[in-house]
Each structure stands twice: as structure tokens, then as C-alpha cells.
>>> print(open('entry_25.cif').read())   # mmCIF, C-alpha atoms and all ligand atoms
data_coords
#
loop_
_atom_site.group_PDB
_atom_site.id
_atom_site.type_symbol
_atom_site.label_atom_id
_atom_site.label_comp_id
_atom_site.auth_asym_id
_atom_site.auth_seq_id
_atom_site.Cartn_x
_atom_site.Cartn_y
_atom_site.Cartn_z
ATOM 1 C CA MET A 857 91.774 36.418 77.137
ATOM 2 C CA SER A 858 89.773 35.991 80.337
ATOM 3 C CA VAL A 859 86.515 37.729 81.282
ATOM 4 C CA VAL A 860 88.465 39.740 83.837
ATOM 5 C CA ASP A 861 90.786 40.997 81.094
ATOM 6 C CA LEU A 862 87.764 42.052 79.013
ATOM 7 C CA LEU A 863 86.097 43.893 81.851
ATOM 8 C CA PHE A 864 89.267 45.412 83.232
ATOM 9 C CA PRO A 865 91.756 45.660 80.372
ATOM 10 C CA LYS A 866 95.332 46.154 81.491
ATOM 11 C CA PHE A 867 97.036 49.323 80.289
ATOM 12 C CA CYS A 868 100.776 49.796 80.264
ATOM 13 C CA LEU A 869 101.648 52.153 83.100
ATOM 14 C CA GLY A 870 104.410 53.676 81.018
ATOM 15 C CA CYS A 871 102.631 54.371 77.710
ATOM 16 C CA GLY A 872 99.003 53.233 77.853
ATOM 17 C CA TRP A 873 99.451 50.218 75.542
ATOM 18 C CA ILE A 874 96.695 47.619 76.133
ATOM 19 C CA GLY A 875 97.603 44.108 77.218
ATOM 20 C CA GLY A 876 99.823 44.350 80.269
ATOM 21 C CA TYR A 877 100.901 46.720 83.018
ATOM 22 C CA ILE A 878 104.379 47.080 81.591
ATOM 23 C CA CYS A 879 104.702 46.561 77.842
ATOM 24 C CA PRO A 880 107.877 45.083 76.323
ATOM 25 C CA ARG A 881 108.898 48.471 74.884
ATOM 26 C CA CYS A 882 108.684 50.210 78.250
ATOM 27 C CA TYR A 883 110.328 47.277 79.988
ATOM 28 C CA LYS A 884 113.328 47.740 77.687
ATOM 29 C CA LYS A 885 113.570 51.394 78.736
ATOM 30 C CA LEU A 886 114.099 50.403 82.355
ATOM 31 C CA ALA A 887 117.747 50.767 83.298
ATOM 32 C CA PRO A 888 119.018 47.980 85.575
ATOM 33 C CA VAL A 889 121.729 48.871 88.054
ATOM 34 C CA THR A 890 124.657 46.794 86.815
ATOM 35 C CA LYS A 891 127.389 47.656 89.319
ATOM 36 C CA ASP A 892 126.810 47.289 93.036
ATOM 37 C CA ILE A 893 128.603 49.767 95.240
ATOM 38 C CA CYS A 894 129.270 50.325 98.915
ATOM 39 C CA PHE A 895 126.594 52.597 100.421
ATOM 40 C CA TYR A 896 129.208 54.756 102.163
ATOM 41 C CA CYS A 897 132.200 55.194 99.839
ATOM 42 C CA GLN A 898 130.419 54.510 96.525
ATOM 43 C CA ARG A 899 133.224 52.220 95.355
ATOM 44 C CA PRO A 900 132.423 48.812 93.796
ATOM 45 C CA SER A 901 131.483 46.104 96.232
ATOM 46 C CA ARG A 902 130.074 42.596 95.833
ATOM 47 C CA CYS A 903 126.272 42.672 96.239
ATOM 48 C CA GLY A 904 126.573 46.182 97.646
ATOM 49 C CA LEU A 905 128.112 44.987 100.907
ATOM 50 C CA THR A 906 129.584 47.727 103.069
ATOM 51 C CA HIS A 907 133.394 47.396 103.031
ATOM 52 C CA PRO A 908 134.941 46.305 106.343
ATOM 53 C CA GLY A 909 136.666 49.717 106.528
ATOM 54 C CA CYS A 910 133.373 51.529 105.924
ATOM 55 C CA THR A 911 131.324 49.800 108.601
ATOM 56 C CA GLY A 912 130.587 51.317 111.980
ATOM 57 C CA PRO A 913 127.963 51.314 114.694
ATOM 58 C CA ASN A 914 124.482 52.109 113.395
ATOM 59 C CA ARG A 915 125.609 51.645 109.804
ATOM 60 C CA ILE A 916 123.947 49.742 106.962
ATOM 61 C CA ASP A 917 125.628 46.402 106.225
ATOM 62 C CA GLY A 918 124.768 46.338 102.539
ATOM 63 C CA ALA A 919 122.432 47.922 100.001
ATOM 64 C CA ILE A 920 121.184 46.978 96.568
ATOM 65 C CA SER A 921 118.795 48.523 94.074
ATOM 66 C CA ILE A 922 117.385 46.904 90.942
ATOM 67 C CA PHE A 923 116.792 49.864 88.593
ATOM 68 C CA TRP A 924 117.852 53.454 88.141
ATOM 69 C CA TYR A 925 114.985 55.810 88.915
ATOM 70 C CA ASN A 926 114.667 57.090 85.335
ATOM 71 C CA SER A 927 111.686 58.833 83.732
ATOM 72 C CA ILE A 928 109.925 55.627 82.696
ATOM 73 C CA LEU A 929 110.193 54.020 86.136
ATOM 74 C CA LYS A 930 109.103 57.291 87.716
ATOM 75 C CA ARG A 931 105.996 57.236 85.540
ATOM 76 C CA ILE A 932 105.308 53.576 86.334
ATOM 77 C CA ILE A 933 105.608 54.043 90.092
ATOM 78 C CA LYS A 934 103.470 57.198 89.987
ATOM 79 C CA SER A 935 100.696 55.711 87.895
ATOM 80 C CA ILE A 936 100.105 52.657 90.037
ATOM 81 C CA LYS A 937 96.688 53.202 91.501
ATOM 82 C CA TYR A 938 95.260 51.736 94.651
ATOM 83 C CA ARG A 939 92.699 49.421 93.040
ATOM 84 C CA LEU A 940 95.327 47.763 90.876
ATOM 85 C CA ALA A 941 98.249 47.940 93.227
ATOM 86 C CA VAL A 942 98.443 44.324 94.277
ATOM 87 C CA ASP A 943 98.097 43.000 90.727
ATOM 88 C CA VAL A 944 100.533 45.463 89.261
ATOM 89 C CA TRP A 945 103.230 44.849 91.817
ATOM 90 C CA ARG A 946 102.874 41.121 91.414
ATOM 91 C CA GLU A 947 103.239 41.372 87.642
ATOM 92 C CA PHE A 948 106.112 43.801 87.908
ATOM 93 C CA CYS A 949 108.011 41.740 90.457
ATOM 94 C CA VAL A 950 107.443 38.500 88.570
ATOM 95 C CA SER A 951 109.001 40.089 85.494
ATOM 96 C CA LEU A 952 112.209 40.985 87.354
ATOM 97 C CA ALA A 953 115.252 39.081 86.178
ATOM 98 C CA PRO A 954 116.112 36.233 88.581
ATOM 99 C CA ASP A 955 119.815 37.116 88.763
ATOM 100 C CA THR A 956 119.011 40.562 90.143
ATOM 101 C CA LEU A 957 116.742 39.049 92.760
ATOM 102 C CA GLU A 958 119.404 36.496 93.620
ATOM 103 C CA LYS A 959 121.180 39.212 95.564
ATOM 104 C CA ILE A 960 118.387 38.993 98.119
ATOM 105 C CA ALA A 961 119.098 35.275 98.396
ATOM 106 C CA TYR A 962 122.734 36.181 99.013
ATOM 107 C CA TYR A 963 121.782 38.527 101.861
ATOM 108 C CA LYS A 964 119.534 35.797 103.190
ATOM 109 C CA SER A 965 122.461 33.352 103.133
ATOM 110 C CA LEU A 966 124.683 35.745 105.110
ATOM 111 C CA CYS A 967 122.417 35.598 108.144
ATOM 112 C CA CYS A 968 120.911 32.592 109.833
ATOM 113 C CA ARG A 969 117.446 34.126 109.777
ATOM 114 C CA SER A 970 116.390 37.476 108.414
ATOM 115 C CA PHE A 971 113.159 39.425 108.360
ATOM 116 C CA LEU A 972 111.852 41.643 105.582
ATOM 117 C CA GLN A 973 110.870 45.010 106.982
ATOM 118 C CA PRO A 974 109.132 47.482 104.660
ATOM 119 C CA ILE A 975 109.738 51.163 105.440
ATOM 120 C CA PRO A 976 106.414 52.154 106.998
ATOM 121 C CA LEU A 977 104.360 55.176 105.995
ATOM 122 C CA HIS A 978 102.871 57.575 108.503
ATOM 123 C CA PRO A 979 99.234 56.510 109.182
ATOM 124 C CA SER A 980 97.899 59.764 107.718
ATOM 125 C CA ARG A 981 99.898 59.307 104.522
ATOM 126 C CA LEU A 982 98.841 55.668 104.340
ATOM 127 C CA ARG A 983 95.210 56.820 104.407
ATOM 128 C CA GLU A 984 95.886 59.284 101.569
ATOM 129 C CA ARG A 985 97.712 56.801 99.389
ATOM 130 C CA GLY A 986 95.643 53.760 100.277
ATOM 131 C CA PHE A 987 98.623 51.407 100.414
ATOM 132 C CA ASN A 988 102.339 51.246 101.050
ATOM 133 C CA GLN A 989 104.368 50.349 97.964
ATOM 134 C CA ALA A 990 107.280 49.149 100.088
ATOM 135 C CA GLU A 991 104.955 46.709 101.807
ATOM 136 C CA LYS A 992 103.761 45.279 98.472
ATOM 137 C CA ILE A 993 107.342 44.741 97.328
ATOM 138 C CA ALA A 994 108.277 43.160 100.664
ATOM 139 C CA ARG A 995 105.302 40.834 100.495
ATOM 140 C CA PHE A 996 106.324 39.629 97.029
ATOM 141 C CA LEU A 997 109.932 39.092 98.122
ATOM 142 C CA GLY A 998 108.737 37.242 101.194
ATOM 143 C CA THR A 999 106.779 34.734 99.122
ATOM 144 C CA PHE A 1000 109.550 34.422 96.539
ATOM 145 C CA PHE A 1001 112.367 33.824 99.024
ATOM 146 C CA ASN A 1002 110.392 32.329 101.860
ATOM 147 C CA LEU A 1003 111.392 35.096 104.243
ATOM 148 C CA PRO A 1004 109.207 36.182 107.162
ATOM 149 C CA GLN A 1005 107.894 39.743 107.396
ATOM 150 C CA GLY A 1006 109.069 41.905 110.244
ATOM 151 C CA ASP A 1007 106.815 44.394 111.980
ATOM 152 C CA PHE A 1008 109.382 46.237 114.048
ATOM 153 C CA LEU A 1009 109.085 49.825 112.831
ATOM 154 C CA LYS A 1010 106.422 52.469 112.981
ATOM 155 C CA ARG A 1011 106.335 55.975 111.622
ATOM 156 C CA ILE A 1012 105.882 58.418 114.464
ATOM 157 C CA LYS A 1013 106.504 61.714 112.697
ATOM 158 C CA ARG A 1014 104.887 62.980 109.547
ATOM 159 C CA THR A 1015 107.802 64.121 107.396
ATOM 160 C CA PHE A 1016 107.851 66.276 104.276
ATOM 161 C CA PRO A 1017 108.155 64.287 101.047
ATOM 162 C CA GLN A 1018 111.921 63.860 100.639
ATOM 163 C CA ALA A 1019 111.670 64.632 96.920
ATOM 164 C CA GLU A 1020 110.625 68.194 97.763
ATOM 165 C CA ILE A 1021 113.737 68.900 99.820
ATOM 166 C CA ASP A 1022 116.871 70.017 97.981
ATOM 167 C CA PHE A 1023 119.791 69.444 100.312
ATOM 168 C CA SER A 1024 120.850 66.132 101.776
ATOM 169 C CA ARG A 1025 121.610 67.767 105.143
ATOM 170 C CA LYS A 1026 118.023 69.039 105.310
ATOM 171 C CA ARG A 1027 116.738 65.622 104.291
ATOM 172 C CA ILE A 1028 118.540 64.021 107.208
ATOM 173 C CA LEU A 1029 117.065 66.589 109.633
ATOM 174 C CA ASN A 1030 113.630 66.007 108.129
ATOM 175 C CA MET A 1031 113.906 62.288 108.869
ATOM 176 C CA ARG A 1032 115.276 62.659 112.425
ATOM 177 C CA GLY A 1033 112.907 60.930 114.830
ATOM 178 C CA ALA A 1034 110.687 59.730 111.987
ATOM 179 C CA PHE A 1035 110.597 56.140 113.239
ATOM 180 C CA GLY A 1036 109.790 54.399 116.446
ATOM 181 C CA ILE A 1037 110.086 50.781 117.516
ATOM 182 C CA LYS A 1038 106.905 48.780 117.958
ATOM 183 C CA ASN A 1039 108.205 46.301 120.483
ATOM 184 C CA ARG A 1040 111.705 46.781 121.847
ATOM 185 C CA ASN A 1041 112.197 43.176 122.891
ATOM 186 C CA MET A 1042 111.364 41.949 119.400
ATOM 187 C CA VAL A 1043 114.161 43.834 117.608
ATOM 188 C CA LYS A 1044 117.081 42.624 119.682
ATOM 189 C CA GLY A 1045 119.305 40.143 117.855
ATOM 190 C CA LYS A 1046 117.347 40.276 114.584
ATOM 191 C CA ASN A 1047 118.791 40.404 111.082
ATOM 192 C CA ILE A 1048 116.721 42.622 108.848
ATOM 193 C CA ILE A 1049 116.366 43.364 105.148
ATOM 194 C CA LEU A 1050 114.790 46.807 104.855
ATOM 195 C CA VAL A 1051 112.609 47.265 101.781
ATOM 196 C CA ASP A 1052 111.629 50.523 100.086
ATOM 197 C CA ASP A 1053 110.473 51.560 96.628
ATOM 198 C CA VAL A 1054 113.012 54.320 95.926
ATOM 199 C CA LEU A 1055 116.409 55.180 97.375
ATOM 200 C CA THR A 1056 117.627 58.730 96.770
ATOM 201 C CA THR A 1057 119.920 60.277 99.365
ATOM 202 C CA GLY A 1058 119.408 57.337 101.707
ATOM 203 C CA ALA A 1059 118.310 59.600 104.581
ATOM 204 C CA THR A 1060 115.182 57.511 105.197
ATOM 205 C CA VAL A 1061 116.930 54.140 105.428
ATOM 206 C CA LYS A 1062 119.795 55.628 107.459
ATOM 207 C CA GLU A 1063 117.321 56.836 110.062
ATOM 208 C CA ALA A 1064 115.502 53.483 110.085
ATOM 209 C CA VAL A 1065 118.814 51.638 110.553
ATOM 210 C CA ARG A 1066 119.902 54.026 113.297
ATOM 211 C CA ILE A 1067 116.840 53.281 115.402
ATOM 212 C CA LEU A 1068 116.772 49.534 114.679
ATOM 213 C CA LYS A 1069 120.429 49.125 115.638
ATOM 214 C CA LYS A 1070 119.952 51.295 118.693
ATOM 215 C CA TYR A 1071 117.493 48.674 119.910
ATOM 216 C CA GLY A 1072 119.788 45.776 119.173
ATOM 217 C CA ALA A 1073 119.244 44.692 115.565
ATOM 218 C CA LEU A 1074 122.310 42.820 114.271
ATOM 219 C CA LYS A 1075 122.766 43.009 110.490
ATOM 220 C CA ILE A 1076 120.679 45.292 108.336
ATOM 221 C CA TYR A 1077 120.627 45.176 104.534
ATOM 222 C CA VAL A 1078 118.652 47.480 102.305
ATOM 223 C CA PHE A 1079 116.735 46.544 99.176
ATOM 224 C CA THR A 1080 115.084 49.107 96.939
ATOM 225 C CA LEU A 1081 113.402 48.727 93.605
ATOM 226 C CA ALA A 1082 114.798 52.021 92.320
ATOM 227 C CA LYS A 1083 117.767 54.231 92.960
ATOM 228 C CA GLY A 1084 117.767 57.973 92.209
HETATM 229 ZN ZN ZN A 1101 104.482 50.802 77.528
HETATM 230 ZN ZN ZN A 1102 133.093 51.388 101.225
#
>>> encode(input="entry_25.cif", output="C-alpha cells")
Amino acid sequence: MSVVDLLFPKFCLGCGWIGGYICPRCYKKLAPVTKDICFYCQRPSRCGLTHPGCTGPNRIDGAISIFWYNSILKRIIKSIKYRLAVDVWREFCVSLAPDTLEKIAYYKSLCCRSFLQPIPLHPSRLRERGFNQAEKIARFLGTFFNLPQGDFLKRIKRTFPQAEIDFSRKRILNMRGAFGIKNRNMVKGKNIILVDDVLTTGATVKEAVRILKKYGALKIYVFTLAKG
């Protein structure tokens, strides 16, 4: 045990057990997504690629999530505090099974060069939260897969938290115009892997893809840690 561990003992984010941020018991309660499906028709699809018949302009080219957003993962994501965020995400990401992460490598192999783009937070929400979870996940993936970070998107509208809106139609309206492009010339011709912590109705990523493709992005894949 190091001095750092003595001064700042690690508590399990799921149950409070001392010794690590996610104890083996809580880790076992995480539910990995075992079948990848097409984002649009929900039928099985290799690595979550959008079927040729389901593609269209401004559509997502593929989407994968690692875990179901169950009560334990909800608790873990909620209890990650600012001071520990970097450490916790590193430990959590390192503990992910390599074969689940390999799907990212597959997306990487489909394009000659892709950029990891975390879904940005609105500046005012970023100040409240202190950090962007999507950005932490993207940074880990970038180091792991040697992928460059993209900085194409910005949040230009403060939206209501999607979790507080009941209907998917309303969620889409809530997200309309949420994103802007930082530098139009930079997006053109780029392949992008969008990264977010949780995917629920997909309204957020759909809106991000809409704007990125509008400004000339080529392929866009979506990676989320959890799926609701
Ligand atoms: Zn635990
Ligand atoms: Zn499909």
C-alpha cells in the first residue's frame, strides 16, 4: 500500500468497500452488452454497424455501447467526483475487457484516419460539473488506441437534462441546435468516433452527427460506455 493510498483510501463507488474504485462484487453486477445491433432498426449487426439498407444522409454509420445502464453503473457514474475523476476513469477503463474495446479498433480499421470526438458540455454545465465525463473516456481511448482527439464540436445551447424529459420526440426538439462547429474547414472529410458516457434515446448523438455531416464529415461511429 502506498502513502497515497493511506492518505486517500479508495472507496468502491458502488458500495463503499475500501481498496478500489470498483470492487470485484460490483464489477460482477455490471451487465455487458453482448449483442450489437443496428442503431436504426435494432436488428443484430456486426459491431453495431448500420445496415446498408438503414443508412442515409446525416445518419450514424455504427454505434456500440459497453454496458447496460443498470442501477450499479448509474450509481458509479453518479458518484464519480471531480477530484477523483481522472483516476477513477483510468481505473475503470483499464478494467474493461479487451474484446469489448476491440470494437473501437475495428471502427478504426474501417477508416484510414479517425478522430475521437467527445460530446461537449455547455460551458455553464461544465463549470457546474467541473469536468466532462465523455472527454475523460475519449482521452483514455485515445491513449489506448493511439487515436487523435478531435475538437470539432461546441455546445451552443444549454439544453434540459435529457433524463428529465419523457418523450423521445421532445428529447429530439430539446437537442435541436444544441451543437455548433468550431471550425468548418476542419470537419470536411474527417472520420469521427463520437464518445459519450450514456446513450439513451440517441437524440444527443443524432443531433451531433447531423451537424457534423452537414459540414462534410465522412463516417461517424458512436461509442458510449453505457446504454439505457
Ligand atoms: Zn462495490
Ligand atoms: Zn438496420
>>> closest_residue(input="entry_25.cif", among="A:Thr911, A:Thr906, A:Ser935, A:Thr956", to="Pro888 (chain A)", atoms="only C-alpha atoms")
A:Thr956
>>> closest_atom_pairs(input="entry_25.cif", of="chain A", to="ligand ZN 1101 (chain A)", cutoff="7 Å", atoms="all atoms listed in the file", output="tab-separated table")
residue	atom	partner	partner_atom	distance
A:Cys868	CA	A:ZN1101	ZN	4.7
A:Leu869	CA	A:ZN1101	ZN	6.4
A:Gly870	CA	A:ZN1101	ZN	4.5
A:Cys871	CA	A:ZN1101	ZN	4.0
A:Gly872	CA	A:ZN1101	ZN	6.0
A:Trp873	CA	A:ZN1101	ZN	5.4
A:Ile878	CA	A:ZN1101	ZN	5.5
A:Cys879	CA	A:ZN1101	ZN	4.3
A:Pro880	CA	A:ZN1101	ZN	6.8
A:Arg881	CA	A:ZN1101	ZN	5.7
A:Cys882	CA	A:ZN1101	ZN	4.3
>>> residues_around(input="entry_25.cif", residues="Ala887 (chain A)", least_positions_apart="4", cutoff="12 Å", atoms="all atoms listed in the file", output="list in words")
Cys882, Tyr883, Lys891, Ser921, Ile922, Phe923, Trp924, Tyr925, Asn926, Ser927, Ile928, Leu929, Lys930, Leu952, Leu1081, Ala1082, Lys1083 and Gly1084 of chain A
>>> write_last_selection(input="entry_25.cif", atoms="C-alpha atoms", output="JSON list (two decimals), keeping the file's coordinate frame")
[["chain", "number", "residue", "atom", "x", "y", "z"],
["A", 882, "CYS", "CA", 108.68, 50.21, 78.25],
["A", 883, "TYR", "CA", 110.33, 47.28, 79.99],
["A", 891, "LYS", "CA", 127.39, 47.66, 89.32],
["A", 921, "SER", "CA", 118.80, 48.52, 94.07],
["A", 922, "ILE", "CA", 117.38, 46.90, 90.94],
["A", 923, "PHE", "CA", 116.79, 49.86, 88.59],
["A", 924, "TRP", "CA", 117.85, 53.45, 88.14],
["A", 925, "TYR", "CA", 114.98, 55.81, 88.92],
["A", 926, "ASN", "CA", 114.67, 57.09, 85.34],
["A", 927, "SER", "CA", 111.69, 58.83, 83.73],
["A", 928, "ILE", "CA", 109.92, 55.63, 82.70],
["A", 929, "LEU", "CA", 110.19, 54.02, 86.14],
["A", 930, "LYS", "CA", 109.10, 57.29, 87.72],
["A", 952, "LEU", "CA", 112.21, 40.98, 87.35],
["A", 1081, "LEU", "CA", 113.40, 48.73, 93.60],
["A", 1082, "ALA", "CA", 114.80, 52.02, 92.32],
["A", 1083, "LYS", "CA", 117.77, 54.23, 92.96],
["A", 1084, "GLY", "CA", 117.77, 57.97, 92.21]]
>>> atom_distance(input="entry_25.cif", atom1="CA of Cys949 (chain A)", atom2="CA of Asp1052 (chain A)")
13.5 Å
>>> residues_near_ligand(input="entry_25.cif", ligand="ligand ZN 1102 (chain A)", cutoff="12 Å", atoms="all atoms listed in the file", output="NGL selection string")
:A and (892-902 or 904-912 or 915-919)
>>> resolve_selection(input="entry_25.cif", expression="the PyMOL selection byres (((chain A and resi 1048) around 9) and not hetatm)", output="short mmCIF file (atom, residue, chain, number, x, y, z; two decimals) with C-alpha atoms, in the coordinates of the input")
data_model
loop_
_atom_site.label_atom_id
_atom_site.label_comp_id
_atom_site.auth_asym_id
_atom_site.auth_seq_id
_atom_site.Cartn_x
_atom_site.Cartn_y
_atom_site.Cartn_z
CA ARG A 969 117.45 34.13 109.78
CA SER A 970 116.39 37.48 108.41
CA PHE A 971 113.16 39.42 108.36
CA LEU A 972 111.85 41.64 105.58
CA GLN A 973 110.87 45.01 106.98
CA GLY A 1006 109.07 41.90 110.24
CA LYS A 1046 117.35 40.28 114.58
CA ASN A 1047 118.79 40.40 111.08
CA ILE A 1049 116.37 43.36 105.15
CA LEU A 1050 114.79 46.81 104.86
CA ALA A 1073 119.24 44.69 115.56
CA LEU A 1074 122.31 42.82 114.27
CA LYS A 1075 122.77 43.01 110.49
CA ILE A 1076 120.68 45.29 108.34
CA TYR A 1077 120.63 45.18 104.53
CA VAL A 1078 118.65 47.48 102.30
#
>>> atom_distance(input="entry_25.cif", atom1="CA of Arg931 (chain A)", atom2="CA of Leu1003 (chain A)")
29.5 Å
>>> atom_distance(input="entry_25.cif", atom1="CA of Thr1080 (chain A)", atom2="CA of Ile920 (chain A)")
6.5 Å
>>> residues_around(input="entry_25.cif", residues="Arg946 (chain A)", least_positions_apart="3", cutoff="10 Å", atoms="only C-alpha atoms", output="list in words")
Ala941, Val942, Asp943, Cys949, Val950, Ser951, Lys992, Ile993, Arg995, Phe996 and Leu997 of chain A
>>> closest_residue(input="entry_25.cif", among="A:Val1051, A:Ala961, A:Cys968, A:Ile1037", to="Glu991 (chain A)", atoms="only C-alpha atoms")
A:Val1051
>>> closest_residue(input="entry_25.cif", among="A:Ala953, A:Ile960, A:Ile1067, A:Val944", to="Asn1002 (chain A)", atoms="only C-alpha atoms")
A:Ile960
>>> resolve_selection(input="entry_25.cif", expression="the PyMOL selection byres (((chain A and resi 1055-1062) around 6) and not hetatm)", output="ChimeraX atom specification")
/A:1028,1054,1063-1065,1083-1084
>>> axis_aligned_box(input="entry_25.cif", around="region 1009-1025 of chain A", padding_each_side="3 Å", output="JSON")
{"center_x": 113.2, "center_y": 59.9, "center_z": 105.7, "size_x": 22.7, "size_y": 26.2, "size_z": 23.5}
>>> resolve_selection(input="entry_25.cif", expression="the PyMOL selection byres (((chain A and resi 914) around 6) and not hetatm)", output="JSON, numbers by chain")
{"A": [913, 915, 1066, 1069]}
>>> closest_residue(input="entry_25.cif", among="A:Trp945, A:Tyr1071, A:Phe1079, A:Phe1000", to="Val1043 (chain A)", atoms="only C-alpha atoms")
A:Tyr1071
>>> residues_around(input="entry_25.cif", residues="Lys1013 (chain A)", least_positions_apart="5", cutoff="8 Å", atoms="all atoms listed in the file", output="list in words")
His978, Gly1033, Ala1034 and Phe1035 of chain A
>>> decode(input="entry_25.cif", residues="region 901-910 of chain A", atoms="all heavy atoms", output="compact mmCIF listing (two decimals), in the first residue's frame")
# COMPACT_ATOMS: atom_id res chain seq x y z
N SER A 901 -26.32 -6.71 -35.74
CA SER A 901 -25.41 -6.21 -36.76
C SER A 901 -23.99 -6.29 -36.21
O SER A 901 -23.76 -5.98 -35.04
CB SER A 901 -25.76 -4.77 -37.09
OG SER A 901 -24.69 -4.15 -37.77
N ARG A 902 -23.04 -6.70 -37.03
CA ARG A 902 -21.66 -6.85 -36.58
C ARG A 902 -21.09 -5.49 -36.11
O ARG A 902 -21.14 -4.52 -36.85
CB ARG A 902 -20.81 -7.39 -37.73
CG ARG A 902 -19.45 -7.80 -37.25
CD ARG A 902 -18.52 -8.21 -38.36
NE ARG A 902 -17.19 -8.36 -37.77
CZ ARG A 902 -16.07 -8.22 -38.42
NH1 ARG A 902 -16.08 -7.96 -39.70
NH2 ARG A 902 -14.92 -8.36 -37.80
N CYS A 903 -20.60 -5.49 -34.88
CA CYS A 903 -20.01 -4.28 -34.28
C CYS A 903 -20.96 -3.07 -34.34
O CYS A 903 -20.50 -1.93 -34.34
CB CYS A 903 -18.68 -3.94 -34.92
SG CYS A 903 -17.38 -5.07 -34.44
N GLY A 904 -22.25 -3.34 -34.41
CA GLY A 904 -23.22 -2.25 -34.39
C GLY A 904 -23.22 -1.38 -35.65
O GLY A 904 -23.71 -0.25 -35.63
N LEU A 905 -22.69 -1.94 -36.75
CA LEU A 905 -22.67 -1.16 -37.99
C LEU A 905 -24.10 -0.96 -38.50
O LEU A 905 -24.94 -1.85 -38.40
CB LEU A 905 -21.87 -1.89 -39.07
CG LEU A 905 -20.35 -1.97 -38.89
CD1 LEU A 905 -19.73 -2.66 -40.09
CD2 LEU A 905 -19.74 -0.59 -38.71
N THR A 906 -24.36 0.20 -39.05
CA THR A 906 -25.67 0.47 -39.63
C THR A 906 -25.79 -0.35 -40.92
O THR A 906 -24.89 -0.32 -41.75
CB THR A 906 -25.80 1.98 -39.93
OG1 THR A 906 -25.59 2.69 -38.70
CG2 THR A 906 -27.17 2.34 -40.48
N HIS A 907 -26.88 -1.10 -41.06
CA HIS A 907 -27.07 -1.92 -42.27
C HIS A 907 -27.06 -1.03 -43.51
O HIS A 907 -27.54 0.11 -43.45
CB HIS A 907 -28.42 -2.65 -42.22
CG HIS A 907 -28.54 -3.62 -41.09
ND1 HIS A 907 -29.50 -3.52 -40.10
CD2 HIS A 907 -27.80 -4.70 -40.77
CE1 HIS A 907 -29.35 -4.50 -39.23
NE2 HIS A 907 -28.33 -5.24 -39.61
N PRO A 908 -26.61 -1.57 -44.64
CA PRO A 908 -26.62 -0.77 -45.88
C PRO A 908 -28.01 -0.21 -46.16
O PRO A 908 -28.14 0.94 -46.60
CB PRO A 908 -26.20 -1.77 -46.95
CG PRO A 908 -25.39 -2.80 -46.22
CD PRO A 908 -25.98 -2.89 -44.84
N GLY A 909 -29.07 -0.98 -45.90
CA GLY A 909 -30.43 -0.51 -46.15
C GLY A 909 -30.92 0.51 -45.13
O GLY A 909 -31.96 1.13 -45.32
N CYS A 910 -30.20 0.67 -44.04
CA CYS A 910 -30.62 1.60 -42.98
C CYS A 910 -29.82 2.90 -43.02
O CYS A 910 -30.09 3.81 -42.24
CB CYS A 910 -30.46 0.96 -41.61
SG CYS A 910 -31.48 -0.51 -41.38
